[in-house]
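With TSV, C-alpha atoms inside, this is query_10.tsv:
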```tsv
chain	number	residue	atom	x	y	z
A	1	ALA	CA	-28.61	253.25	138.05
A	2	VAL	CA	-26.13	250.81	139.59
A	3	ILE	CA	-25.43	253.03	142.61
A	4	ALA	CA	-29.16	253.54	143.18
A	5	ALA	CA	-29.73	249.77	143.12
A	6	VAL	CA	-26.86	249.22	145.55
A	7	ASP	CA	-28.20	251.92	147.91
A	8	GLU	CA	-31.59	250.21	148.00
A	9	ALA	CA	-30.06	246.77	148.58
A	10	ILE	CA	-27.82	248.02	151.40
A	11	SER	CA	-30.81	249.47	153.23
A	12	GLN	CA	-32.33	245.98	153.39
A	13	GLY	CA	-29.22	244.09	154.54
A	14	LEU	CA	-25.69	243.37	153.38
A	15	SER	CA	-25.67	239.59	153.56
A	16	PHE	CA	-28.07	236.86	154.63
A	17	GLY	CA	-26.11	233.64	154.08
A	18	VAL	CA	-29.04	232.22	152.09
A	19	PRO	CA	-30.34	232.80	148.55
A	20	CYS	CA	-32.21	236.07	148.03
A	21	SER	CA	-34.72	237.30	145.47
A	22	LEU	CA	-32.10	239.50	143.76
A	23	GLU	CA	-30.00	236.39	143.14
A	24	VAL	CA	-32.97	234.86	141.32
A	25	ASP	CA	-33.44	238.06	139.29
A	26	LEU	CA	-29.81	238.11	138.16
A	27	ALA	CA	-29.84	234.38	137.44
A	28	LYS	CA	-32.87	234.81	135.18
A	29	GLU	CA	-31.11	237.68	133.39
A	30	VAL	CA	-27.99	235.56	132.77
A	31	VAL	CA	-29.96	232.52	131.63
A	32	GLY	CA	-32.07	234.68	129.34
A	33	ARG	CA	-29.02	236.09	127.62
A	34	ILE	CA	-26.73	233.05	127.20
A	35	PRO	CA	-28.36	230.08	125.41
A	36	SER	CA	-25.81	227.55	126.72
A	37	ILE	CA	-26.70	228.33	130.35
A	38	GLU	CA	-29.88	226.78	131.77
A	39	MET	CA	-28.81	227.05	135.42
A	40	VAL	CA	-26.22	229.27	137.07
A	41	ARG	CA	-24.45	229.29	140.44
A	42	PHE	CA	-22.98	232.49	141.85
A	43	VAL	CA	-19.63	232.61	143.63
A	44	ASN	CA	-17.31	235.41	144.76
A	45	SER	CA	-14.67	235.61	142.01
A	46	GLY	CA	-13.71	234.42	138.57
A	47	THR	CA	-11.12	232.15	140.17
A	48	GLU	CA	-13.83	230.44	142.24
A	49	ALA	CA	-16.01	230.09	139.15
A	50	VAL	CA	-13.25	228.35	137.18
A	51	MET	CA	-12.27	226.13	140.12
A	52	SER	CA	-15.89	225.04	140.52
A	53	ALA	CA	-16.46	224.46	136.79
A	54	VAL	CA	-13.33	222.31	136.55
A	55	ARG	CA	-14.41	220.27	139.59
A	56	LEU	CA	-17.84	219.77	138.03
A	57	ALA	CA	-16.31	218.71	134.70
A	58	ARG	CA	-14.13	216.13	136.42
A	59	ALA	CA	-17.07	214.79	138.40
A	60	ALA	CA	-19.34	214.61	135.35
A	61	THR	CA	-16.80	212.75	133.21
A	62	GLY	CA	-15.01	210.70	135.86
A	63	ARG	CA	-11.73	211.90	134.37
A	64	ASP	CA	-8.80	213.96	135.63
A	65	LYS	CA	-6.98	215.90	132.91
A	66	ILE	CA	-7.73	219.47	131.82
A	67	LEU	CA	-6.39	221.02	128.62
A	68	LYS	CA	-5.72	224.78	128.70
A	69	PHE	CA	-3.91	227.17	126.36
A	70	ALA	CA	-0.65	229.01	126.84
A	71	GLY	CA	-1.31	232.66	127.59
A	72	CYS	CA	-4.88	232.10	128.79
A	73	TYR	CA	-5.33	233.04	132.44
A	74	HIS	CA	-8.08	231.38	134.43
A	75	GLY	CA	-7.54	232.90	137.83
A	76	HIS	CA	-5.09	231.80	140.49
A	77	VAL	CA	-6.31	228.22	140.70
A	78	ASP	CA	-3.19	226.14	141.49
A	79	SER	CA	-3.83	223.52	138.80
A	80	LEU	CA	-4.32	226.13	136.06
A	81	LEU	CA	-1.51	228.52	136.98
A	82	VAL	CA	0.61	227.02	134.21
A	83	LYS	CA	1.78	229.16	131.30
A	84	ALA	CA	-0.71	231.82	132.35
A	85	GLY	CA	-0.80	235.14	130.56
A	86	SER	CA	-1.24	238.70	131.70
A	87	GLY	CA	0.32	239.62	135.03
A	88	ALA	CA	1.98	236.26	135.58
A	89	ALA	CA	3.75	236.48	132.23
A	90	THR	CA	4.74	240.12	132.70
A	91	LEU	CA	6.33	239.31	136.06
A	92	GLY	CA	8.18	236.34	134.59
A	93	LEU	CA	6.20	233.92	136.78
A	94	PRO	CA	4.26	231.66	134.42
A	95	ASP	CA	4.38	229.06	137.20
A	96	SER	CA	3.95	230.66	140.60
A	97	PRO	CA	6.03	229.68	143.61
A	98	GLY	CA	3.84	227.74	146.01
A	99	VAL	CA	2.20	225.68	143.27
A	100	THR	CA	3.25	222.06	143.70
A	101	ARG	CA	4.11	219.69	140.89
A	102	GLY	CA	1.34	217.41	142.03
A	103	THR	CA	-1.37	220.03	141.55
A	104	THR	CA	-0.39	220.60	137.92
A	105	GLN	CA	0.26	217.03	136.84
A	106	ASP	CA	-3.20	216.74	135.29
A	107	THR	CA	-2.93	220.04	133.38
A	108	LEU	CA	-2.15	219.85	129.67
A	109	VAL	CA	-1.12	222.93	127.67
A	110	ALA	CA	-1.44	223.66	123.95
A	111	ALA	CA	-0.91	226.74	121.77
A	112	PHE	CA	-3.93	228.99	121.17
A	113	ASN	CA	-5.15	228.75	117.55
A	114	ASP	CA	-3.10	225.58	116.88
A	115	VAL	CA	-5.76	223.04	115.89
A	116	GLY	CA	-3.16	220.41	115.00
A	117	GLU	CA	-1.52	220.50	118.42
A	118	VAL	CA	-4.89	220.31	120.13
A	119	GLU	CA	-5.92	217.33	118.00
A	120	ARG	CA	-2.71	215.46	118.85
A	121	THR	CA	-3.03	216.24	122.56
A	122	VAL	CA	-6.66	215.17	122.70
A	123	ALA	CA	-5.92	211.96	120.82
A	124	LYS	CA	-3.13	211.07	123.26
A	125	HIS	CA	-5.16	211.78	126.41
A	126	CYS	CA	-8.71	211.18	125.19
A	127	ASP	CA	-9.60	208.50	127.74
A	128	ASN	CA	-8.66	210.70	130.70
A	129	LEU	CA	-9.54	214.19	129.39
A	130	ALA	CA	-12.25	215.82	131.48
A	131	ALA	CA	-12.40	219.21	129.74
A	132	ILE	CA	-10.85	221.81	127.50
A	133	ILE	CA	-10.96	225.29	129.01
A	134	VAL	CA	-10.37	228.37	126.85
A	135	GLU	CA	-10.92	232.10	126.69
A	136	PRO	CA	-13.05	232.19	123.50
A	137	VAL	CA	-11.41	235.53	122.73
A	138	ALA	CA	-8.12	235.72	124.54
A	139	GLY	CA	-7.59	238.81	126.66
A	140	ASN	CA	-4.77	237.80	128.97
A	141	MET	CA	-2.07	237.70	126.31
A	142	GLY	CA	-3.50	240.88	124.89
A	143	VAL	CA	-6.55	240.66	122.63
A	144	VAL	CA	-6.19	237.64	120.33
A	145	GLN	CA	-9.14	236.52	118.23
A	146	PRO	CA	-9.65	232.80	117.58
A	147	ASP	CA	-9.11	231.63	114.02
A	148	GLU	CA	-12.38	230.75	112.30
A	149	ALA	CA	-11.80	227.00	112.64
A	150	PHE	CA	-10.34	227.00	116.16
A	151	LEU	CA	-13.36	227.00	118.49
A	152	PRO	CA	-15.46	224.69	116.24
A	153	ALA	CA	-12.52	222.26	116.31
A	154	LEU	CA	-12.45	222.34	120.13
A	155	ARG	CA	-16.18	221.62	120.16
A	156	GLU	CA	-15.70	218.70	117.76
A	157	PHE	CA	-12.74	217.21	119.66
A	158	THR	CA	-14.54	217.32	123.02
A	159	ASN	CA	-17.66	215.77	121.51
A	160	GLN	CA	-15.62	212.95	120.00
A	161	CYS	CA	-13.84	211.98	123.20
A	162	GLY	CA	-16.62	212.68	125.69
A	163	ALA	CA	-14.95	215.65	127.37
A	164	LEU	CA	-16.58	218.97	128.23
A	165	LEU	CA	-15.85	222.36	126.67
A	166	ILE	CA	-15.54	225.24	129.15
A	167	PHE	CA	-15.58	228.85	127.98
A	168	ASP	CA	-13.92	231.22	130.43
A	169	GLU	CA	-15.94	234.38	129.80
A	170	VAL	CA	-14.95	236.14	133.01
A	171	MET	CA	-13.54	238.89	130.79
A	172	THR	CA	-15.63	238.59	127.63
A	173	GLY	CA	-18.98	237.74	129.21
A	174	PHE	CA	-21.42	240.61	128.50
A	175	ARG	CA	-18.51	242.72	127.31
A	176	LEU	CA	-18.46	241.65	123.66
A	177	SER	CA	-22.20	241.22	123.26
A	178	ARG	CA	-25.37	240.69	125.29
A	179	SER	CA	-24.57	236.95	125.03
A	180	GLY	CA	-20.83	237.21	125.53
A	181	ALA	CA	-18.26	235.92	123.07
A	182	GLN	CA	-20.25	232.75	122.45
A	183	GLY	CA	-23.12	234.88	121.19
A	184	LEU	CA	-20.90	236.22	118.44
A	185	LEU	CA	-18.88	233.10	117.65
A	186	ALA	CA	-21.79	230.62	117.45
A	187	VAL	CA	-20.04	227.84	119.38
A	188	LYS	CA	-21.91	226.42	122.37
A	189	PRO	CA	-19.80	225.32	125.37
A	190	ASP	CA	-20.92	222.87	128.03
A	191	LEU	CA	-19.96	225.18	130.90
A	192	THR	CA	-19.33	228.92	131.05
A	193	THR	CA	-17.57	230.93	133.75
A	194	LEU	CA	-18.47	234.57	134.32
A	195	GLY	CA	-17.34	237.44	136.54
A	196	LYS	CA	-16.47	241.14	136.53
A	197	ILE	CA	-19.41	242.72	134.66
A	198	ILE	CA	-22.11	240.59	136.31
A	199	GLY	CA	-21.15	242.18	139.64
A	200	GLY	CA	-21.49	245.74	138.42
A	201	GLY	CA	-18.18	246.67	140.05
A	202	LEU	CA	-18.47	244.45	143.14
A	203	PRO	CA	-16.74	241.06	143.68
A	204	VAL	CA	-18.52	238.25	141.87
A	205	GLY	CA	-18.18	235.11	139.82
A	206	ALA	CA	-20.55	232.57	138.33
A	207	TYR	CA	-20.57	229.31	136.44
A	208	GLY	CA	-23.38	227.73	134.52
A	209	GLY	CA	-24.42	225.20	131.93
A	210	SER	CA	-27.16	222.69	131.24
A	211	ALA	CA	-29.57	221.76	134.00
A	212	GLU	CA	-28.30	218.18	133.76
A	213	LEU	CA	-24.75	219.26	134.58
A	214	MET	CA	-25.62	221.91	137.17
A	215	ASN	CA	-27.91	219.54	139.07
A	216	ARG	CA	-24.77	217.59	139.97
A	217	VAL	CA	-23.80	220.46	142.27
A	218	ALA	CA	-24.84	220.28	145.94
A	219	PRO	CA	-27.42	220.29	147.35
A	220	GLN	CA	-29.07	218.58	144.34
A	221	GLY	CA	-25.96	216.53	143.59
A	222	ALA	CA	-22.74	215.31	145.16
A	223	VAL	CA	-20.31	217.94	143.76
A	224	TYR	CA	-19.70	220.22	146.71
A	225	GLN	CA	-19.34	223.97	146.37
A	226	ALA	CA	-20.53	226.66	148.75
A	227	GLY	CA	-19.76	230.17	149.95
A	228	THR	CA	-21.40	232.22	152.68
A	229	LEU	CA	-21.11	235.50	150.74
A	230	SER	CA	-21.90	234.04	147.31
A	231	GLY	CA	-24.93	235.70	145.74
A	232	ASN	CA	-25.06	238.42	148.39
A	233	PRO	CA	-27.83	240.97	147.76
A	234	VAL	CA	-25.61	244.01	147.25
A	235	THR	CA	-23.56	242.41	144.47
A	236	MET	CA	-26.66	240.87	142.90
A	237	ALA	CA	-28.36	244.29	142.84
A	238	ALA	CA	-25.36	245.91	141.17
A	239	GLY	CA	-25.07	243.14	138.59
A	240	PHE	CA	-28.77	243.10	137.78
A	241	ALA	CA	-28.85	246.88	137.28
A	242	THR	CA	-25.76	246.68	135.05
A	243	LEU	CA	-27.14	243.95	132.78
A	244	GLN	CA	-30.51	245.66	132.50
A	245	ASN	CA	-28.75	248.72	131.12
A	246	LEU	CA	-26.64	246.78	128.61
A	247	THR	CA	-28.89	247.04	125.58
A	248	ASP	CA	-28.14	246.26	121.93
A	249	GLU	CA	-27.79	250.00	121.35
A	250	ILE	CA	-25.10	250.18	124.04
A	251	TYR	CA	-23.10	247.42	122.36
A	252	GLU	CA	-23.37	249.15	118.99
A	253	HIS	CA	-22.15	252.37	120.59
A	254	LEU	CA	-19.22	250.59	122.28
A	255	GLN	CA	-18.24	248.88	119.03
A	256	CYS	CA	-18.21	252.19	117.15
A	257	THR	CA	-16.30	254.03	119.88
A	258	THR	CA	-13.68	251.29	120.18
A	259	SER	CA	-13.30	250.97	116.40
A	260	ARG	CA	-12.71	254.71	116.18
A	261	LEU	CA	-9.99	254.48	118.82
A	262	ALA	CA	-8.40	251.42	117.19
A	263	SER	CA	-8.41	252.86	113.67
A	264	GLY	CA	-7.01	256.15	114.96
A	265	ILE	CA	-4.11	254.40	116.67
A	266	ASP	CA	-3.48	252.30	113.58
A	267	THR	CA	-3.30	255.44	111.43
A	268	MET	CA	-0.81	257.01	113.82
A	269	LEU	CA	1.40	253.93	113.79
A	270	ARG	CA	1.74	254.34	110.03
A	271	THR	CA	2.15	258.11	110.26
A	272	HIS	CA	5.04	257.81	112.72
A	273	ARG	CA	6.42	254.69	110.99
A	274	VAL	CA	6.22	252.63	114.16
A	275	SER	CA	5.96	248.86	113.77
A	276	GLY	CA	2.85	247.54	115.48
A	277	VAL	CA	-0.72	246.35	115.21
A	278	VAL	CA	-3.99	247.07	116.99
A	279	GLN	CA	-6.15	243.99	117.60
A	280	GLN	CA	-9.76	244.58	118.56
A	281	ALA	CA	-12.71	242.49	119.71
A	282	GLY	CA	-15.81	244.51	120.49
A	283	SER	CA	-14.91	247.00	123.23
A	284	MET	CA	-11.53	245.33	123.89
A	285	LEU	CA	-8.28	246.16	122.12
A	286	THR	CA	-4.52	245.77	122.48
A	287	LEU	CA	-1.66	247.64	120.83
A	288	PHE	CA	1.16	245.22	120.06
A	289	PHE	CA	4.51	246.76	119.08
A	290	GLY	CA	6.93	245.08	116.72
A	291	ARG	CA	4.52	242.74	114.89
A	292	ASP	CA	1.86	242.95	112.21
A	293	SER	CA	-0.33	240.26	113.85
A	294	VAL	CA	-0.52	238.13	116.99
A	295	ARG	CA	-2.23	234.72	117.02
A	296	ASN	CA	-0.86	233.05	120.15
A	297	PHE	CA	1.16	233.51	123.34
A	298	GLU	CA	4.57	232.96	121.76
A	299	GLU	CA	3.90	235.71	119.24
A	300	ALA	CA	2.57	237.98	121.99
A	301	LYS	CA	5.73	237.46	124.05
A	302	ALA	CA	7.84	238.28	120.99
A	303	CYS	CA	6.40	241.80	120.79
A	304	ASP	CA	8.55	244.81	121.70
A	305	ALA	CA	8.01	245.07	125.47
A	306	ALA	CA	10.59	247.86	125.85
A	307	MET	CA	8.74	249.99	123.31
A	308	TYR	CA	5.46	249.40	125.13
A	309	ALA	CA	7.05	250.44	128.43
A	310	ARG	CA	8.24	253.72	126.89
A	311	PHE	CA	4.83	254.27	125.34
A	312	PHE	CA	3.05	253.54	128.64
A	313	HIS	CA	5.07	256.18	130.50
A	314	ALA	CA	4.69	258.68	127.66
A	315	MET	CA	0.91	258.22	127.80
A	316	LEU	CA	0.86	258.42	131.60
A	317	LYS	CA	2.73	261.72	131.36
A	318	ARG	CA	-0.19	262.90	129.18
A	319	SER	CA	-2.73	261.76	131.83
A	320	ILE	CA	-3.81	258.57	130.04
A	321	HIS	CA	-3.46	255.49	132.25
A	322	LEU	CA	-3.10	252.34	130.13
A	323	PRO	CA	-2.58	248.77	131.34
A	324	PRO	CA	1.07	248.67	132.48
A	325	SER	CA	1.68	245.41	130.60
A	326	GLY	CA	1.65	245.01	126.84
A	327	LEU	CA	-0.05	241.64	127.42
A	328	GLU	CA	-3.26	243.22	128.72
A	329	ALA	CA	-6.49	244.31	127.06
A	330	TRP	CA	-7.69	247.90	127.00
A	331	PHE	CA	-11.39	248.27	127.83
A	332	VAL	CA	-13.62	250.98	126.41
A	333	SER	CA	-16.71	251.77	128.48
A	334	THR	CA	-19.85	253.83	128.08
A	335	CYS	CA	-18.15	256.54	130.18
A	336	HIS	CA	-15.58	257.08	127.44
A	337	SER	CA	-17.14	259.91	125.44
A	338	GLU	CA	-16.07	261.23	122.06
A	339	ALA	CA	-14.08	263.88	123.90
A	340	VAL	CA	-12.23	261.21	125.87
A	341	ILE	CA	-11.41	259.32	122.67
A	342	ASP	CA	-10.16	262.55	121.09
A	343	GLU	CA	-7.98	263.22	124.13
A	344	THR	CA	-6.63	259.68	124.05
A	345	LEU	CA	-5.78	259.83	120.35
A	346	ALA	CA	-4.01	263.17	120.83
A	347	ALA	CA	-1.96	261.56	123.60
A	348	VAL	CA	-1.18	258.56	121.37
A	349	ASP	CA	0.01	260.92	118.63
A	350	GLY	CA	2.36	262.76	120.97
A	351	SER	CA	3.56	259.58	122.69
A	352	LEU	CA	4.36	257.76	119.45
A	353	GLN	CA	6.22	260.82	118.21
A	354	GLU	CA	8.21	260.92	121.44
A	355	CYS	CA	8.95	257.19	121.47
A	356	SER	CA	9.99	256.99	117.82
A	357	ARG	CA	12.69	259.65	118.04
```

Would you put the structure from the file into structure tokens?
Amino acid sequence: AVIAAVDEAISQGLSFGVPCSLEVDLAKEVVGRIPSIEMVRFVNSGTEAVMSAVRLARAATGRDKILKFAGCYHGHVDSLLVKAGSGAATLGLPDSPGVTRGTTQDTLVAAFNDVGEVERTVAKHCDNLAAIIVEPVAGNMGVVQPDEAFLPALREFTNQCGALLIFDEVMTGFRLSRSGAQGLLAVKPDLTTLGKIIGGGLPVGAYGGSAELMNRVAPQGAVYQAGTLSGNPVTMAAGFATLQNLTDEIYEHLQCTTSRLASGIDTMLRTHRVSGVVQQAGSMLTLFFGRDSVRNFEEAKACDAAMYARFFHAMLKRSIHLPPSGLEAWFVSTCHSEAVIDETLAAVDGSLQECSR
């Protein structure tokens, strides 16, 4: 369906440099699925979406500081490339060369799931805090679910001090549910960033929120953001076709398939007496070695990276290509049939046996 939509769009033109009808179609689909978004602006990547949302938050509040969480990655925006997770952490580059001290001076960092630390940080910087940005379900330190009180506390703290709450759903948006993570967790952010899935495999990003906030963006408002290729018809066609096919039944299927994979791996960990835990959120999961739970970045970094490296290569030898870092999420898709899950679990069994010798 996605390829057919792309073929049709290509035949009519690759890029026009102006809004197109497919952009309106996809915008309506996004707005119809995510209650916190009344208006949406398309960009070319998740990084652009985050950069634009942060600029908008600063403009709307007249404040400078942004609070993020260690292990949460929000793209390669200079000001947020501080204690980032995923690839940056794996490479030992939580702060990238080329990022100046000046660009990060307004970035505050707290521990994911630590309500007390967030409360103290917000209290100290309340008058100059523009926004808190968070992955509602972390995926860039591996899959880490928020504690029950964590996201509601962020909502309360931002309300109290007049800051905005930004959910980075570039990874979780339309992956965990038809309304993203916020549809499951019942916490409404002020701004949401999206990417990946809404492009159907082509480069894309988006940010959205209330009409009041989004009308601050040019040309309606003074907050400038533009991109010649943003909202191009080919990407919009792919994204629209993708979302149209993501039904409630699809999400139920993905949940069941992923749960079967996760429970199978968990059983094999016990069978082979290997220390580890599988953490799952919808169709995302991570296998952490050496711990029985992971709640934040420090705990994720304390996992057995050497064991994961051995396991990765053992799985690759059995034709299963996992994320090469233990701080990444695994993604189950509709293409992963029961036979693929069976093959994967067989490979896990053999790999754990090999690695535990």

inquiry  = Between atom CA of A:Phe311 and atom CA of A:Ile197, what is the distance in Å, rounded to a tenth?
reply    = 28.4 Å

ask   = What lies within 6 Å of stretch 169-171 of chain A using all atoms listed in the file, ignoring chain neighbours under 5 positions off, as a list in words?
value = Gly46, Thr193, Leu194 and Gly195 of chain A

ask   = Of the candidates A:Ala186, A:Pro233, A:Leu287, A:Leu176, which shows the shortest atom-to-atom distance to A:Ser333, using only C-alpha atoms?
value =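 Under the stated criterion, the closest residue is A:Leu176.
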
ask   = Quick one: of A:Met307, A:Ala163, A:Met236, A:Ala138, who's nearest to A:Arg357, counting all atoms listed in the file?
value =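 For A:Arg357, the nearest of the candidates is A:Met307.
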
ask   = Taking all atoms listed in the file into account, which of A:Leu345, A:Cys335, A:Val274, A:Ala222 comes nearest A:Leu261?
value =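 Checking each of A:Leu345, A:Cys335, A:Val274, A:Ala222 against A:Leu261, counting all atoms listed in the file, the winner is A:Leu345.
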
Point-to-point distance in Å for atom CA of A:Asp266 and atom CA of A:Lys317 =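 Spanning atom CA of A:Lys317 to atom CA of A:Asp266 is a straight-line distance of 21.1 Å.
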
request  = With all atoms listed in the file counted, which protein, DNA or RNA residues have an atom no more than 12 Å from (-34.4, 236.4, 145.0) in the file frame? Please answer as a list in words.
outcome  =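 Checked against the point, the hits come out as Ala9, Phe16, Val18, Pro19, Cys20, Ser21, Leu22, Glu23, Val24, Asp25, Leu26, Ala27, Lys28, Gly231, Asn232, Pro233, Val234, Met236, Ala237 and Phe240 of chain A.
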
Atom pair atom CA of A:Ala218 / atom CA of A:Leu56: separation (Å) =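 Distance reported for this atom pair: 10.6 Å.
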
inquiry  = List the spatial neighbours of A:Ala110 as a PyMOL selection string - criterion: any atom at most 12 Å away, all atoms listed in the file, same-chain residues fewer than 6 positions off excluded.
reply    = chain A and resi 66-72+82-84+116-122+132-134+154+296-298

key: Pick from A:Tyr73, A:Thr258, A:Arg310, A:Ile320, whichever lies nearest to A:Gly142 using all atoms listed in the file   =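 Counting all atoms listed in the file, the residue closest to A:Gly142 is A:Tyr73.
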
request  = Go through A:Ala347, A:Cys256, A:Ala305, A:Val6 one by one, measure the shortest atom-to-atom distance of each to A:Arg318 using only C-alpha atoms, and give the residue with the smallest value.
outcome  =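 Of A:Ala347, A:Cys256, A:Ala305, A:Val6, the one nearest A:Arg318, counting only C-alpha atoms, is A:Ala347.
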
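With distances taken over all atoms listed in the file, A:Met141 is the one residue among A:Leu80, A:Val223, A:Met141, A:Ala241 lying closest to A:Lys301.
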
request  = Write out as a PyMOL selection string which residues come within 8 Å of A:Val50 when counting all atoms listed in the file, dropping same-chain ones fewer than 5 positions away.
outcome  = chain A and resi 74-75+77+168+193+207

Draw an axis-aligned box tight on the listed atoms of stretch 127-131 of chain A, then pad every side by 8 Å and write out centre and edge lengths in Å to one decimal as lines of an AutoDock Vina configuration file.
```
center_x = -10.5
center_y = 213.9
center_z = 129.6
size_x = 19.7
size_y = 26.7
size_z = 19.7
```
